[in-house]
file work_36.txt (compact mmCIF, C-alpha atoms and all ligand atoms)
# COMPACT_ATOMS: atom_id res chain seq x y z
CA MET A 1 -37.97 2.88 -139.48
CA ASN A 2 -36.42 2.59 -142.91
CA THR A 3 -33.14 0.68 -142.73
CA ASN A 4 -31.72 2.78 -145.55
CA ILE A 5 -31.78 5.80 -143.24
CA ASN A 6 -28.70 6.10 -141.09
CA ASN A 7 -29.73 4.97 -137.62
CA ARG A 8 -28.32 7.97 -135.82
CA ILE A 9 -30.63 10.29 -137.77
CA TYR A 10 -33.52 8.86 -135.74
CA ASN A 11 -31.83 9.91 -132.50
CA ILE A 12 -31.58 13.57 -133.44
CA ILE A 13 -34.04 15.83 -131.71
CA PRO A 14 -34.67 18.31 -134.52
CA TYR A 15 -34.58 22.09 -134.04
CA LYS A 16 -38.15 23.23 -133.52
CA PRO A 17 -38.85 26.43 -135.37
CA GLY A 18 -41.39 28.80 -133.83
CA LYS A 19 -44.65 29.46 -135.68
CA PRO A 20 -44.52 32.25 -138.27
CA ILE A 21 -46.17 35.48 -137.06
CA GLU A 22 -48.77 35.40 -139.87
CA GLU A 23 -49.81 31.88 -138.84
CA VAL A 24 -50.24 32.87 -135.19
CA LYS A 25 -52.39 35.83 -136.27
CA ARG A 26 -54.53 33.64 -138.51
CA GLU A 27 -54.94 30.87 -135.92
CA TYR A 28 -55.96 33.18 -133.09
CA GLY A 29 -57.79 35.79 -135.16
CA LEU A 30 -55.37 38.56 -134.15
CA LYS A 31 -54.65 41.84 -135.92
CA GLU A 32 -51.22 42.14 -134.37
CA ALA A 33 -48.67 39.69 -133.06
CA VAL A 34 -45.11 40.19 -131.82
CA LYS A 35 -42.35 37.63 -132.07
CA LEU A 36 -40.06 37.64 -129.07
CA ALA A 37 -38.91 34.06 -129.52
CA SER A 38 -35.71 33.96 -131.60
CA ASN A 39 -33.45 36.76 -130.30
CA GLU A 40 -33.62 38.70 -133.56
CA SER A 41 -33.34 42.46 -133.89
CA PRO A 42 -36.86 43.93 -133.60
CA PHE A 43 -35.90 47.12 -135.42
CA GLY A 44 -36.49 46.06 -139.01
CA ALA A 45 -33.97 46.48 -141.80
CA SER A 46 -31.71 49.52 -141.80
CA LYS A 47 -32.21 51.91 -144.74
CA LYS A 48 -28.54 51.62 -145.69
CA VAL A 49 -28.83 47.86 -145.83
CA LEU A 50 -31.99 48.07 -147.91
CA SER A 51 -30.35 50.25 -150.54
CA ALA A 52 -27.31 47.94 -150.68
CA ILE A 53 -29.70 45.03 -151.22
CA THR A 54 -31.53 46.86 -154.01
CA ALA A 55 -28.25 47.59 -155.78
CA ALA A 56 -27.01 43.99 -155.36
CA ALA A 57 -30.32 42.64 -156.66
CA MET A 58 -29.41 43.93 -160.14
CA ASP A 59 -26.76 41.22 -160.39
CA ILE A 60 -28.61 38.16 -159.13
CA ASN A 61 -28.22 36.54 -162.54
CA ARG A 62 -24.55 36.06 -161.56
CA TYR A 63 -23.16 33.65 -158.99
CA PRO A 64 -22.02 35.35 -155.81
CA ASP A 65 -18.36 36.09 -155.15
CA GLY A 66 -17.44 32.66 -153.78
CA GLY A 67 -14.50 34.06 -151.81
CA CYS A 68 -16.50 36.92 -150.21
CA PHE A 69 -13.50 39.08 -151.17
CA TYR A 70 -14.87 42.53 -150.29
CA LEU A 71 -16.76 41.47 -147.20
CA LYS A 72 -13.70 39.67 -145.90
CA SER A 73 -11.39 42.62 -146.41
CA ARG A 74 -13.92 45.02 -144.86
CA LEU A 75 -14.25 42.71 -141.84
CA ALA A 76 -10.50 42.16 -141.61
CA ASP A 77 -9.98 45.95 -141.48
CA LYS A 78 -12.60 46.36 -138.82
CA LEU A 79 -11.25 43.56 -136.64
CA GLY A 80 -7.55 44.25 -137.22
CA VAL A 81 -6.94 40.76 -138.61
CA LYS A 82 -6.08 39.38 -142.07
CA SER A 83 -8.59 38.10 -144.61
CA GLN A 84 -6.90 34.69 -144.25
CA ASN A 85 -8.23 34.54 -140.68
CA LEU A 86 -11.86 34.72 -141.77
CA VAL A 87 -14.29 32.16 -143.14
CA LEU A 88 -17.68 33.56 -144.16
CA THR A 89 -20.59 31.19 -143.65
CA ASN A 90 -24.30 30.80 -144.24
CA GLY A 91 -25.12 31.92 -140.71
CA SER A 92 -22.84 30.80 -137.91
CA ASP A 93 -24.86 27.57 -137.89
CA GLU A 94 -23.00 26.58 -141.05
CA ALA A 95 -19.68 27.19 -139.33
CA LEU A 96 -20.61 24.48 -136.80
CA ASP A 97 -21.14 22.11 -139.68
CA LEU A 98 -17.79 22.97 -141.24
CA ILE A 99 -16.04 22.53 -137.89
CA ALA A 100 -17.55 19.08 -137.51
CA LYS A 101 -16.48 18.12 -141.04
CA VAL A 102 -12.90 19.31 -140.58
CA PHE A 103 -12.11 18.28 -137.03
CA LEU A 104 -14.48 15.67 -135.61
CA ARG A 105 -14.09 11.97 -136.29
CA PRO A 106 -17.37 10.04 -136.13
CA GLY A 107 -17.46 7.29 -133.54
CA LYS A 108 -14.11 8.39 -132.05
CA ASP A 109 -14.20 11.98 -130.85
CA LYS A 110 -16.28 13.56 -128.12
CA ILE A 111 -17.18 17.16 -127.58
CA ILE A 112 -17.98 18.94 -124.35
CA THR A 113 -20.45 21.75 -123.93
CA SER A 114 -22.85 22.93 -121.26
CA SER A 115 -26.36 21.81 -120.51
CA VAL A 116 -28.95 24.52 -121.29
CA THR A 117 -27.03 26.10 -124.14
CA PHE A 118 -27.40 26.62 -127.87
CA LEU A 119 -28.89 23.34 -129.13
CA GLU A 120 -27.13 23.36 -132.49
CA TYR A 121 -23.86 22.20 -130.87
CA LYS A 122 -25.52 18.97 -129.85
CA ILE A 123 -27.58 18.60 -133.02
CA THR A 124 -24.50 19.07 -135.23
CA ALA A 125 -22.53 16.55 -133.18
CA GLN A 126 -25.36 14.03 -133.39
CA ILE A 127 -25.59 14.43 -137.15
CA PHE A 128 -21.90 13.63 -137.43
CA GLY A 129 -22.00 10.72 -134.95
CA ILE A 130 -20.00 12.55 -132.28
CA LYS A 131 -20.69 11.96 -128.58
CA VAL A 132 -21.62 15.00 -126.52
CA ARG A 133 -20.96 15.53 -122.84
CA GLU A 134 -23.18 18.27 -121.39
CA VAL A 135 -21.84 19.68 -118.14
CA PRO A 136 -24.62 21.12 -115.96
CA LEU A 137 -24.83 24.86 -115.45
CA VAL A 138 -23.99 26.28 -112.05
CA ASP A 139 -26.24 29.20 -111.07
CA PHE A 140 -27.40 29.42 -114.69
CA LYS A 141 -23.78 29.95 -115.78
CA TYR A 142 -21.36 27.77 -117.76
CA ASP A 143 -19.32 25.70 -115.31
CA LEU A 144 -15.87 25.99 -116.90
CA LYS A 145 -14.21 24.09 -114.04
CA GLY A 146 -16.69 21.25 -114.50
CA MET A 147 -16.03 21.30 -118.25
CA LYS A 148 -12.30 21.12 -117.69
CA ASN A 149 -12.75 18.17 -115.36
CA ALA A 150 -14.95 16.42 -117.93
CA ILE A 151 -12.13 16.33 -120.50
CA THR A 152 -10.96 12.80 -121.34
CA LYS A 153 -8.51 11.46 -123.93
CA ASN A 154 -11.30 11.31 -126.51
CA THR A 155 -12.32 14.95 -126.10
CA LYS A 156 -11.62 16.84 -129.29
CA ALA A 157 -13.38 20.14 -128.76
CA VAL A 158 -15.30 22.28 -126.31
CA PHE A 159 -18.16 24.50 -127.41
CA ILE A 160 -18.81 27.65 -125.38
CA ALA A 161 -21.52 30.24 -126.02
CA ASN A 162 -20.59 33.51 -124.38
CA PRO A 163 -22.97 35.13 -123.52
CA ASN A 164 -24.90 31.91 -123.26
CA ASN A 165 -28.19 31.38 -125.05
CA PRO A 166 -30.74 30.88 -123.46
CA THR A 167 -29.53 32.05 -120.03
CA GLY A 168 -28.03 35.43 -121.02
CA THR A 169 -25.21 34.92 -118.48
CA TYR A 170 -21.50 35.17 -119.33
CA VAL A 171 -18.14 33.87 -118.22
CA THR A 172 -15.57 36.54 -117.35
CA LYS A 173 -12.16 37.00 -118.96
CA LYS A 174 -10.47 35.82 -115.78
CA GLU A 175 -12.55 32.62 -115.69
CA PHE A 176 -12.06 32.02 -119.39
CA ASP A 177 -8.30 32.61 -119.30
CA SER A 178 -7.79 30.24 -116.40
CA PHE A 179 -9.89 27.63 -118.25
CA LEU A 180 -7.68 28.06 -121.34
CA ARG A 181 -4.55 27.69 -119.22
CA ALA A 182 -5.88 24.56 -117.55
CA ILE A 183 -7.02 22.53 -120.57
CA PRO A 184 -4.68 20.51 -122.82
CA ARG A 185 -3.39 22.68 -125.68
CA ASP A 186 -4.64 20.30 -128.36
CA ILE A 187 -8.31 20.68 -127.40
CA ILE A 188 -10.17 22.87 -129.88
CA VAL A 189 -12.08 25.74 -128.29
CA VAL A 190 -15.11 26.89 -130.27
CA TYR A 191 -16.06 30.24 -128.81
CA ASP A 192 -19.48 31.41 -129.98
CA GLU A 193 -19.95 35.14 -129.56
CA ALA A 194 -23.30 35.56 -131.29
CA TYR A 195 -24.43 38.15 -128.72
CA GLN A 196 -21.09 39.83 -127.85
CA GLU A 197 -22.10 43.18 -129.33
CA PHE A 198 -24.82 43.59 -126.69
CA VAL A 199 -22.41 43.17 -123.77
CA ASP A 200 -21.22 46.18 -121.78
CA ALA A 201 -19.28 44.35 -119.06
CA GLY A 202 -15.60 45.35 -119.03
CA ASP A 203 -14.51 41.87 -117.93
CA PHE A 204 -15.96 40.12 -121.00
CA PRO A 205 -13.40 38.06 -123.01
CA LYS A 206 -13.52 39.09 -126.68
CA GLY A 207 -12.85 36.37 -129.25
CA VAL A 208 -10.81 38.72 -131.42
CA ASP A 209 -8.14 38.80 -128.69
CA TYR A 210 -7.57 35.04 -129.08
CA TYR A 211 -7.56 34.52 -132.84
CA ARG A 212 -3.83 33.84 -133.08
CA ARG A 213 -4.08 31.10 -130.48
CA LYS A 214 -3.66 27.53 -131.64
CA ASN A 215 -6.86 25.48 -131.65
CA PHE A 216 -9.19 28.42 -131.11
CA ILE A 217 -12.17 29.39 -133.28
CA THR A 218 -14.46 32.33 -132.63
CA LEU A 219 -17.90 32.33 -134.24
CA LYS A 220 -19.73 35.55 -135.05
CA THR A 221 -23.03 36.35 -136.70
CA PHE A 222 -24.83 39.11 -138.56
CA SER A 223 -28.17 37.69 -137.34
CA LYS A 224 -28.39 39.55 -134.05
CA ILE A 225 -27.29 43.18 -133.56
CA TYR A 226 -26.78 43.69 -137.31
CA GLY A 227 -30.38 42.69 -138.00
CA LEU A 228 -29.74 40.26 -140.88
CA ALA A 229 -31.12 36.99 -139.48
CA GLY A 230 -33.17 36.39 -142.63
CA LEU A 231 -30.14 36.60 -144.91
CA ARG A 232 -27.93 34.07 -143.13
CA VAL A 233 -24.41 35.45 -142.74
CA GLY A 234 -21.90 34.59 -140.08
CA TYR A 235 -18.20 33.90 -139.90
CA ALA A 236 -15.42 32.06 -138.15
CA LEU A 237 -12.37 34.00 -136.98
CA THR A 238 -9.37 31.77 -136.44
CA ASN A 239 -5.72 31.11 -137.21
CA SER A 240 -4.95 30.94 -140.92
CA GLU A 241 -4.30 27.18 -140.93
CA PHE A 242 -7.72 26.39 -139.45
CA ALA A 243 -9.36 28.97 -141.71
CA ALA A 244 -7.85 27.37 -144.81
CA ALA A 245 -9.09 23.94 -143.70
CA LEU A 246 -12.62 25.24 -143.08
CA GLU A 247 -12.58 26.94 -146.50
CA ARG A 248 -11.89 23.57 -148.15
CA VAL A 249 -15.11 21.95 -146.98
CA ARG A 250 -17.63 24.73 -147.55
CA GLN A 251 -19.85 24.90 -150.60
CA PRO A 252 -18.37 27.16 -153.29
CA PHE A 253 -21.14 29.78 -153.04
CA ASN A 254 -22.26 29.41 -149.43
CA VAL A 255 -22.98 33.11 -148.81
CA ASN A 256 -25.32 34.61 -151.39
CA SER A 257 -24.67 37.92 -153.12
CA ILE A 258 -27.52 39.83 -151.42
CA ALA A 259 -26.28 38.67 -148.02
CA GLN A 260 -22.71 39.77 -148.79
CA ALA A 261 -23.82 43.24 -149.87
CA ALA A 262 -26.14 43.58 -146.89
CA ALA A 263 -23.46 42.51 -144.42
CA MET A 264 -21.04 45.11 -145.76
CA ALA A 265 -23.64 47.84 -145.47
CA ALA A 266 -24.63 46.63 -141.98
CA LEU A 267 -21.01 46.87 -140.79
CA ASP A 268 -20.94 50.51 -141.87
CA ASP A 269 -24.29 51.40 -140.35
CA VAL A 270 -22.89 52.57 -137.05
CA LYS A 271 -26.10 54.37 -136.11
CA TYR A 272 -28.30 51.26 -136.49
CA ILE A 273 -25.91 49.27 -134.28
CA LYS A 274 -25.69 52.03 -131.66
CA ASP A 275 -29.45 52.60 -131.60
CA THR A 276 -30.16 48.86 -131.37
CA LYS A 277 -27.75 48.42 -128.50
CA GLN A 278 -29.20 51.39 -126.63
CA ALA A 279 -32.77 50.19 -127.15
CA VAL A 280 -31.88 46.67 -125.98
CA THR A 281 -30.12 48.00 -122.87
CA SER A 282 -33.03 50.25 -121.91
CA GLY A 283 -35.62 47.59 -122.88
CA ARG A 284 -33.87 45.07 -120.66
CA LYS A 285 -33.89 47.52 -117.74
CA PHE A 286 -37.59 48.20 -118.34
CA LEU A 287 -38.43 44.48 -118.30
CA CYS A 288 -36.37 43.91 -115.14
CA ARG A 289 -38.15 46.77 -113.32
CA GLN A 290 -41.58 45.58 -114.38
CA LEU A 291 -40.86 41.96 -113.41
CA GLU A 292 -39.54 43.09 -110.03
CA LYS A 293 -42.74 45.04 -109.45
CA MET A 294 -44.71 41.90 -110.28
CA GLY A 295 -42.57 39.84 -107.90
CA ILE A 296 -41.30 37.59 -110.70
CA ASN A 297 -37.75 36.22 -110.73
CA TYR A 298 -35.53 36.52 -113.77
CA ILE A 299 -31.93 35.68 -114.59
CA PRO A 300 -29.85 38.87 -115.04
CA SER A 301 -28.79 38.96 -118.71
CA VAL A 302 -26.13 40.79 -120.72
CA ALA A 303 -27.75 39.86 -124.06
CA ASN A 304 -30.88 40.79 -126.03
CA PHE A 305 -33.04 38.18 -124.29
CA MET A 306 -33.63 36.94 -120.78
CA LEU A 307 -34.99 34.00 -118.83
CA VAL A 308 -38.05 34.70 -116.72
CA ASP A 309 -39.27 32.29 -114.05
CA VAL A 310 -43.03 32.64 -114.39
CA LYS A 311 -43.62 29.29 -112.60
CA LYS A 312 -46.44 28.41 -114.95
CA ASP A 313 -46.98 27.25 -118.50
CA VAL A 314 -47.93 30.58 -120.10
CA PHE A 315 -47.00 29.81 -123.72
CA LYS A 316 -50.55 29.31 -125.06
CA ALA A 317 -52.02 32.13 -122.95
CA MET A 318 -49.37 34.50 -124.35
CA LEU A 319 -49.86 33.24 -127.91
CA LYS A 320 -53.58 33.92 -127.72
CA GLN A 321 -52.70 37.53 -126.94
CA GLY A 322 -50.33 37.71 -129.89
CA VAL A 323 -47.07 37.44 -127.96
CA ILE A 324 -44.71 34.67 -129.09
CA ILE A 325 -42.10 33.70 -126.50
CA ARG A 326 -39.98 30.57 -126.08
CA PRO A 327 -40.85 28.10 -123.31
CA MET A 328 -37.80 26.38 -121.84
CA ASP A 329 -39.37 22.95 -121.33
CA MET A 330 -37.01 21.38 -123.85
CA TYR A 331 -34.19 22.09 -121.38
CA GLY A 332 -36.19 20.69 -118.49
CA LEU A 333 -36.81 24.21 -117.19
CA ARG A 334 -40.56 24.03 -116.65
CA GLY A 335 -42.29 27.31 -115.88
CA ILE A 336 -39.35 29.29 -117.27
CA ILE A 337 -39.61 31.26 -120.50
CA ARG A 338 -37.11 33.09 -122.67
CA VAL A 339 -38.15 36.46 -123.99
CA THR A 340 -36.28 38.51 -126.57
CA ILE A 341 -35.97 42.22 -125.78
CA GLY A 342 -38.19 43.96 -128.31
CA THR A 343 -39.11 47.53 -129.15
CA GLN A 344 -40.54 49.54 -126.28
CA SER A 345 -44.11 48.86 -127.41
CA GLU A 346 -43.38 45.13 -127.79
CA ASN A 347 -41.86 45.04 -124.30
CA LYS A 348 -44.98 46.70 -122.88
CA LYS A 349 -47.16 44.29 -124.77
CA PHE A 350 -45.19 41.38 -123.32
CA ILE A 351 -45.61 42.67 -119.75
CA ASP A 352 -49.35 43.31 -120.20
CA ALA A 353 -49.89 39.88 -121.74
CA LEU A 354 -47.86 38.22 -118.98
CA LYS A 355 -49.95 39.95 -116.29
CA ARG A 356 -53.13 38.60 -117.90
CA ALA A 357 -51.64 35.14 -118.45
CA LEU A 358 -50.69 34.86 -114.79
CA LYS A 359 -54.07 35.99 -113.45
C1 LIG B 1 -25.42 31.17 -129.30
C2 LIG B 1 -25.85 31.20 -130.72
N1 LIG B 1 -24.96 30.92 -131.68
C3 LIG B 1 -25.30 30.92 -132.98
C4 LIG B 1 -26.58 31.24 -133.37
C5 LIG B 1 -26.94 31.11 -134.82
O1 LIG B 1 -26.70 32.23 -135.50
P1 LIG B 1 -26.86 32.27 -137.09
O2 LIG B 1 -28.15 32.95 -137.34
O3 LIG B 1 -25.68 33.09 -137.51
O4 LIG B 1 -26.81 30.88 -137.63
C6 LIG B 1 -27.54 31.56 -132.43
C7 LIG B 1 -28.92 31.87 -132.86
O5 LIG B 1 -29.83 32.00 -132.13
C8 LIG B 1 -27.18 31.53 -131.07
O6 LIG B 1 -28.06 31.79 -130.12
call {"tool": "encode", "arguments": {"input": "work_36.txt", "output": "structure tokens", "more": "lines below"}}
Ligand SMILES: Cc1ncc(COP(=O)(O)O)c(C=O)c1O
result
Amino acid sequence: MNTNINNRIYNIIPYKPGKPIEEVKREYGLKEAVKLASNESPFGASKKVLSAITAAAMDINRYPDGGCFYLKSRLADKLGVKSQNLVLTNGSDEALDLIAKVFLRPGKDKIITSSVTFLEYKITAQIFGIKVREVPLVDFKYDLKGMKNAITKNTKAVFIANPNNPTGTYVTKKEFDSFLRAIPRDIIVVYDEAYQEFVDAGDFPKGVDYYRRKNFITLKTFSKIYGLAGLRVGYALTNSEFAAALERVRQPFNVNSIAQAAAMAALDDVKYIKDTKQAVTSGRKFLCRQLEKMGINYIPSVANFMLVDVKKDVFKAMLKQGVIIRPMDMYGLRGIIRVTIGTQSENKKFIDALKRALK
């Protein structure tokens, strides 16, 4: 331990990236490998996005538009909000960082989230010296009542992923609204909707319906249904006062020019979004049917991934067959894996590999 390094840095459990596909292929001598480990879109880049990227590449000698002017106004139109309600970020991960910088006081404030949820909430809090209370899931779902009861005078914010990653479950509008009514008005609600576009349920609470609310921030990303995970674009949608504060602490050129152009093209590519959603919905049904036939339990999901209770450590056995999935051991869920819904051939490959791994 070097005493020059801030002590709390040693307590952070770092985010563990999965192995790159090429590395898995090399290590196991495989021709093909499929990555179903990070809830990305499996459908490649859309053609419209690619041509926007090519055009934007001509100007990479210039700094990006630091205010994301065009992307903001395009998004504002789409969402029916004002540009002043939007803060574009380097993936929604960066928005968590900005939120911590603006609102959370090290050593004083606490945040509340769920156990078995997106790990970046906890990691960000730890980086900033903020205490985290993780309320256990109930039936693999966020326990909003438990979270409300966990609020103390030091609680500054609650972080909610809806749908939740990694469980794929969601809280309904009724549950969410009664939670909002029950908590003190000065608690900041960070509502992370990274997977909202995959949800069909009519009783899902959409962040855009709450943006005028005091102390409410919705986080969105282009990494999932829009297929831009590699470019890092996300945004916060919130009241103009919060948005202005978040704008103050970001780096001047946090979203690069290629990412801005790609995000605008992705928003317009209605067909890519529709096709991706359809493929995820039918892929999810396919996986559920196959798992049922195999007598394997899974957690019903509304997102582009699902938890499967294989009751065995299959990670290595799957890897050897070129299928990269995410074991849930880090959450204490031994024998449970998370699989991202892939293309139809990837889904089949996953099922075949799982059958062999369980033999
Ligand atoms: C719930 C949740 N929020 C946010 C993110 C991060 O998204 P981004 O790629 O925009 O940083 C993820 C990524 O997996 C996620 O699962």
call {"tool": "residues_near_ligand", "arguments": {"input": "work_36.txt", "ligand": "ligand LIG 1 (chain B)", "cutoff": "7 Å", "atoms": "all atoms listed in the file", "output": "list in words"}}
result
Ser38, Asn39, Gly91, Ser92, Asp93, Glu94, Phe118, Ala161, Asn164, Asn165, Asp192, Glu193, Ala194, Lys220, Thr221, Phe222, Ser223, Ala229, Arg232, Val233 and Gly234 of chain A
call {"tool": "residues_around", "arguments": {"input": "work_36.txt", "residues": "A:Phe305", "least_positions_apart": "2", "cutoff": "10 Å", "atoms": "all atoms listed in the file", "output": "VMD selection string"}}
result
chain A and resid 36 to 40 165 to 168 195 280 283 to 284 300 to 303 307 to 308 338 to 342
call {"tool": "closest_residue", "arguments": {"input": "work_36.txt", "among": "A:Thr155, A:Leu119, A:Ile130, A:Ile111", "to": "A:Tyr331", "atoms": "only C-alpha atoms"}}
result
A:Leu119
call {"tool": "residues_around", "arguments": {"input": "work_36.txt", "residues": "A:Gly146", "least_positions_apart": "4", "cutoff": "10 Å", "atoms": "only C-alpha atoms", "output": "number ranges by chain"}}
result
A: 114, 134-138, 142, 150-151
call {"tool": "atom_distance", "arguments": {"input": "work_36.txt", "atom1": "atom CA of A:Ile336", "atom2": "atom CA of A:Val132"}}
result
24.6 Å
call {"tool": "atom_distance", "arguments": {"input": "work_36.txt", "atom1": "atom CA of A:Thr124", "atom2": "atom CA of A:Lys153"}}
result
21.0 Å
call {"tool": "axis_aligned_box", "arguments": {"input": "work_36.txt", "around": "stretch 304-316 of chain A", "padding_each_side": "8 Å", "output": "AutoDock Vina command-line options"}}
result
--center_x -40.7 --center_y 34.0 --center_z -119.3 --size_x 35.7 --size_y 29.5 --size_z 29.4
call {"tool": "atom_distance", "arguments": {"input": "work_36.txt", "atom1": "atom CA of A:Lys131", "atom2": "atom CA of A:Ala236"}}
result
22.9 Å
call {"tool": "closest_atom_pairs", "arguments": {"input": "work_36.txt", "of": "stretch 72-138 of chain A", "to": "stretch 267-278 of chain A", "cutoff": "12 Å", "atoms": "all atoms listed in the file", "output": "tab-separated table"}}
result
residue	atom	partner	partner_atom	distance
A:Lys72	CA	A:Leu267	CA	11.5
A:Ser73	CA	A:Leu267	CA	11.9
A:Arg74	CA	A:Leu267	CA	8.4
A:Leu75	CA	A:Leu267	CA	8.0
A:Ala76	CA	A:Leu267	CA	11.5
A:Asp77	CA	A:Leu267	CA	11.1
A:Lys78	CA	A:Leu267	CA	8.7
A:Leu79	CA	A:Leu267	CA	11.1
call {"tool": "residues_near_point", "arguments": {"input": "work_36.txt", "point": "(-10.0, 21.5, -145.5)", "cutoff": "10 Å", "atoms": "only C-alpha atoms", "output": "list of chain:residue names"}}
result
A:Leu98, A:Ile99, A:Lys101, A:Val102, A:Phe103, A:Glu241, A:Phe242, A:Ala243, A:Ala244, A:Ala245, A:Leu246, A:Glu247, A:Arg248, A:Val249, A:Arg250
call {"tool": "closest_residue", "arguments": {"input": "work_36.txt", "among": "A:Leu144, A:Met306, A:Leu104, A:Ala182", "to": "A:Thr281", "atoms": "only C-alpha atoms"}}
result
A:Met306
call {"tool": "closest_residue", "arguments": {"input": "work_36.txt", "among": "A:Lys31, A:Ser41, A:Tyr170, A:Ala56", "to": "A:Ile225", "atoms": "all atoms listed in the file"}}
result
A:Ser41
call {"tool": "closest_residue", "arguments": {"input": "work_36.txt", "among": "A:Val171, A:Gly227, A:Gln321, A:Glu346", "to": "A:Glu27", "atoms": "only C-alpha atoms"}}
result
A:Gln321
call {"tool": "closest_residue", "arguments": {"input": "work_36.txt", "among": "A:Leu358, A:Gly322, A:Pro106, A:Phe286", "to": "A:Asp309", "atoms": "all atoms listed in the file"}}
result
A:Leu358
call {"tool": "decode", "arguments": {"input": "work_36.txt", "residues": "stretch 185-190 of chain A", "atoms": "all heavy atoms", "output": "PDB file, in the first residue's frame"}}
result
ATOM      1  N   ARG A 185     -39.284  14.887  -0.120  1.00  0.00           N
ATOM      2  CA  ARG A 185     -39.165  15.557  -1.429  1.00  0.00           C
ATOM      3  C   ARG A 185     -37.729  15.980  -1.766  1.00  0.00           C
ATOM      4  O   ARG A 185     -37.402  16.227  -2.921  1.00  0.00           O
ATOM      5  CB  ARG A 185     -40.064  16.803  -1.481  1.00  0.00           C
ATOM      6  CG  ARG A 185     -41.544  16.506  -1.381  1.00  0.00           C
ATOM      7  CD  ARG A 185     -42.119  15.951  -2.655  1.00  0.00           C
ATOM      8  NE  ARG A 185     -42.220  16.965  -3.711  1.00  0.00           N
ATOM      9  CZ  ARG A 185     -42.713  16.731  -4.922  1.00  0.00           C
ATOM     10  NH1 ARG A 185     -43.126  15.527  -5.231  1.00  0.00           N
ATOM     11  NH2 ARG A 185     -42.768  17.688  -5.817  1.00  0.00           N
ATOM     12  N   ASP A 186     -36.888  16.107  -0.721  1.00  0.00           N
ATOM     13  CA  ASP A 186     -35.530  16.575  -1.023  1.00  0.00           C
ATOM     14  C   ASP A 186     -34.570  15.434  -1.392  1.00  0.00           C
ATOM     15  O   ASP A 186     -33.397  15.683  -1.702  1.00  0.00           O
ATOM     16  CB  ASP A 186     -34.962  17.398   0.153  1.00  0.00           C
ATOM     17  CG  ASP A 186     -34.925  16.591   1.441  1.00  0.00           C
ATOM     18  OD1 ASP A 186     -35.627  15.556   1.527  1.00  0.00           O
ATOM     19  OD2 ASP A 186     -34.195  16.992   2.366  1.00  0.00           O
ATOM     20  N   ILE A 187     -35.037  14.201  -1.381  1.00  0.00           N
ATOM     21  CA  ILE A 187     -34.171  13.089  -1.795  1.00  0.00           C
ATOM     22  C   ILE A 187     -34.082  13.078  -3.331  1.00  0.00           C
ATOM     23  O   ILE A 187     -35.101  13.183  -4.011  1.00  0.00           O
ATOM     24  CB  ILE A 187     -34.768  11.736  -1.330  1.00  0.00           C
ATOM     25  CG1 ILE A 187     -34.934  11.718   0.179  1.00  0.00           C
ATOM     26  CG2 ILE A 187     -33.982  10.543  -1.875  1.00  0.00           C
ATOM     27  CD1 ILE A 187     -33.804  11.162   0.956  1.00  0.00           C
ATOM     28  N   ILE A 188     -32.870  12.956  -3.832  1.00  0.00           N
ATOM     29  CA  ILE A 188     -32.693  12.932  -5.292  1.00  0.00           C
ATOM     30  C   ILE A 188     -32.943  11.514  -5.809  1.00  0.00           C
ATOM     31  O   ILE A 188     -32.388  10.545  -5.284  1.00  0.00           O
ATOM     32  CB  ILE A 188     -31.274  13.390  -5.667  1.00  0.00           C
ATOM     33  CG1 ILE A 188     -31.049  14.832  -5.192  1.00  0.00           C
ATOM     34  CG2 ILE A 188     -31.037  13.267  -7.166  1.00  0.00           C
ATOM     35  CD1 ILE A 188     -29.601  15.267  -5.220  1.00  0.00           C
ATOM     36  N   VAL A 189     -33.799  11.421  -6.819  1.00  0.00           N
ATOM     37  CA  VAL A 189     -34.069  10.111  -7.425  1.00  0.00           C
ATOM     38  C   VAL A 189     -33.327  10.038  -8.752  1.00  0.00           C
ATOM     39  O   VAL A 189     -33.572  10.837  -9.655  1.00  0.00           O
ATOM     40  CB  VAL A 189     -35.585   9.904  -7.645  1.00  0.00           C
ATOM     41  CG1 VAL A 189     -35.857   8.569  -8.341  1.00  0.00           C
ATOM     42  CG2 VAL A 189     -36.332   9.975  -6.322  1.00  0.00           C
ATOM     43  N   VAL A 190     -32.388   9.089  -8.833  1.00  0.00           N
ATOM     44  CA  VAL A 190     -31.678   8.862 -10.096  1.00  0.00           C
ATOM     45  C   VAL A 190     -32.292   7.619 -10.720  1.00  0.00           C
ATOM     46  O   VAL A 190     -32.203   6.518 -10.171  1.00  0.00           O
ATOM     47  CB  VAL A 190     -30.162   8.676  -9.864  1.00  0.00           C
ATOM     48  CG1 VAL A 190     -29.454   8.455 -11.200  1.00  0.00           C
ATOM     49  CG2 VAL A 190     -29.580   9.882  -9.142  1.00  0.00           C
TER      50      VAL A 190
END
